[in-house]
Amino acid sequence: MRTIILKVIGTLLVLVPLMYPLWAPEWGRGILGEVESQGMPGALIAVAIFFGLVALYCRALQRTLTLLPSTARTAAPASVWWMFAIPYNFTEDFFIVRSIAASLTADPVIPTPVVRRWATVGYGWCAAQILSLFPGAAGYLGGAVALVLWAAHWIMTVRFNRRLADRRPAAPLAAHHP
């Protein structure tokens, strides 16, 4: 129940900077204004590319969970697709990173300090993407930092997936013949 309350409150708080163009238009038009400034074909292309990249990233995260034994998973592999549920995703992304980190920690293939670093980078891009919703220099800086950390997190995720996929199953026990 506590998690649900946190997610609802987090989503409501994210709506404040997301909606500032409505209640404080003098601050600027926000991210939607930035997209709109590209003109119709440019905006559509930018949005399509961005959401395409998000889909590829979600697929990598889903693969991470799929490569883990079901006993280690703290979330269903398909749960990563909540990243498309705007504006809920801004809060949910923190929980996605947390659940994957907990799942990775439950499986000894990736050392715990490496998982901690992965989680820290993940939380960093989650926080920076919220900062990117704010007007002015803070928003631009947040967006730039979010993109860099997101790329770093994605690279780390792909490396984890390779390591998890290369896991060698234990050799079958030879039948004992008396």
# chains A, B, ... in the order shown; residues from 1 in each chain; ligands from 1
>>> residues_around(residues="Met19 of chain A", least_positions_apart="2", cutoff="12 Å", atoms="only C-alpha atoms", output="PyMOL selection string")
chain A and resi 12-17+21-25+27-33+87+133-135
>>> residues_around(residues="Leu61 of chain A", least_positions_apart="2", cutoff="10 Å", atoms="only C-alpha atoms", output="list in words")
Ala55, Leu56, Tyr57, Cys58, Arg59, Arg63, Thr64, Leu65, Thr66, Leu67, Pro77, Ala78, Ser79, Val80, Trp81, Ile96, Val97, Ile100, Trp154, Thr157, Val158, Phe160 and Asn161 of chain A
>>> write_last_selection(atoms="N, CA, C and O atoms", output="short mmCIF file (atom, residue, chain, number, x, y, z; two decimals), in the first residue's frame")
data_model
loop_
_atom_site.label_atom_id
_atom_site.label_comp_id
_atom_site.auth_asym_id
_atom_site.auth_seq_id
_atom_site.Cartn_x
_atom_site.Cartn_y
_atom_site.Cartn_z
N ALA A 55 11.59 2.34 -26.46
CA ALA A 55 11.15 0.95 -26.65
C ALA A 55 12.35 0.00 -26.67
O ALA A 55 12.29 -1.08 -26.07
N LEU A 56 13.42 0.39 -27.34
CA LEU A 56 14.62 -0.46 -27.37
C LEU A 56 15.23 -0.60 -25.97
O LEU A 56 15.70 -1.68 -25.58
N TYR A 57 15.22 0.49 -25.21
CA TYR A 57 15.73 0.46 -23.84
C TYR A 57 14.86 -0.46 -22.98
O TYR A 57 15.38 -1.29 -22.22
N CYS A 58 13.54 -0.33 -23.10
CA CYS A 58 12.63 -1.20 -22.35
C CYS A 58 12.87 -2.67 -22.69
O CYS A 58 12.86 -3.54 -21.82
N ARG A 59 13.11 -2.91 -23.96
CA ARG A 59 13.39 -4.28 -24.40
C ARG A 59 14.66 -4.82 -23.74
O ARG A 59 14.71 -5.98 -23.34
N ARG A 63 14.77 -7.90 -21.16
CA ARG A 63 15.68 -9.02 -21.38
C ARG A 63 16.48 -9.32 -20.11
O ARG A 63 16.70 -10.49 -19.78
N THR A 64 16.88 -8.28 -19.42
CA THR A 64 17.61 -8.48 -18.16
C THR A 64 16.79 -9.34 -17.21
O THR A 64 17.28 -10.34 -16.68
N LEU A 65 15.54 -8.95 -17.02
CA LEU A 65 14.69 -9.72 -16.11
C LEU A 65 14.42 -11.13 -16.64
O LEU A 65 14.36 -12.09 -15.87
N THR A 66 14.28 -11.26 -17.95
CA THR A 66 14.01 -12.57 -18.55
C THR A 66 15.21 -13.50 -18.38
O THR A 66 15.04 -14.72 -18.20
N LEU A 67 16.41 -12.95 -18.43
CA LEU A 67 17.62 -13.77 -18.30
C LEU A 67 17.87 -14.23 -16.87
O LEU A 67 18.68 -15.13 -16.64
N PRO A 77 8.96 -9.37 -16.09
CA PRO A 77 9.72 -8.73 -17.18
C PRO A 77 8.92 -7.68 -17.95
O PRO A 77 9.46 -6.64 -18.33
N ALA A 78 7.64 -7.89 -18.15
CA ALA A 78 6.82 -6.94 -18.92
C ALA A 78 6.57 -5.64 -18.16
O ALA A 78 6.14 -4.64 -18.76
N SER A 79 6.86 -5.60 -16.87
CA SER A 79 6.58 -4.40 -16.07
C SER A 79 7.41 -3.18 -16.50
O SER A 79 7.03 -2.05 -16.22
N VAL A 80 8.51 -3.42 -17.19
CA VAL A 80 9.35 -2.29 -17.63
C VAL A 80 8.63 -1.40 -18.63
O VAL A 80 9.00 -0.24 -18.82
N TRP A 81 7.60 -1.91 -19.29
CA TRP A 81 6.89 -1.14 -20.31
C TRP A 81 6.02 -0.04 -19.71
O TRP A 81 5.47 0.79 -20.43
N ILE A 96 11.13 0.80 -11.25
CA ILE A 96 11.64 -0.18 -12.23
C ILE A 96 13.12 -0.43 -11.97
O ILE A 96 13.57 -1.58 -11.90
N VAL A 97 13.89 0.64 -11.81
CA VAL A 97 15.32 0.50 -11.51
C VAL A 97 15.51 -0.28 -10.22
O VAL A 97 16.33 -1.20 -10.14
N ILE A 100 14.66 -4.08 -10.67
CA ILE A 100 15.67 -4.80 -11.45
C ILE A 100 16.96 -4.94 -10.63
O ILE A 100 17.59 -6.00 -10.63
N TRP A 154 21.95 2.32 -20.14
CA TRP A 154 21.60 1.38 -21.21
C TRP A 154 22.81 0.53 -21.58
O TRP A 154 22.71 -0.70 -21.74
N THR A 157 23.35 -1.97 -18.96
CA THR A 157 22.32 -3.00 -19.05
C THR A 157 22.66 -4.01 -20.14
O THR A 157 22.54 -5.23 -19.93
N VAL A 158 23.10 -3.54 -21.29
CA VAL A 158 23.47 -4.45 -22.39
C VAL A 158 24.63 -5.34 -21.95
O VAL A 158 24.65 -6.54 -22.25
N PHE A 160 25.30 -6.26 -18.86
CA PHE A 160 24.73 -7.24 -17.93
C PHE A 160 24.07 -8.37 -18.71
O PHE A 160 24.22 -9.54 -18.39
N ASN A 161 23.32 -7.99 -19.75
CA ASN A 161 22.59 -9.00 -20.52
C ASN A 161 23.55 -9.98 -21.18
O ASN A 161 23.27 -11.18 -21.22
#
>>> closest_residue(among="A:Thr3, A:Glu34, A:Ile45, A:Ile9", to="Gly143 of chain A", atoms="only C-alpha atoms")
A:Glu34
>>> atom_distance(atom1="atom CA of Ala75 of chain A", atom2="atom CA of Ser99 of chain A")
6.1 Å
>>> atom_distance(atom1="atom CA of Thr11 of chain A", atom2="atom CA of Ser70 of chain A")
29.4 Å
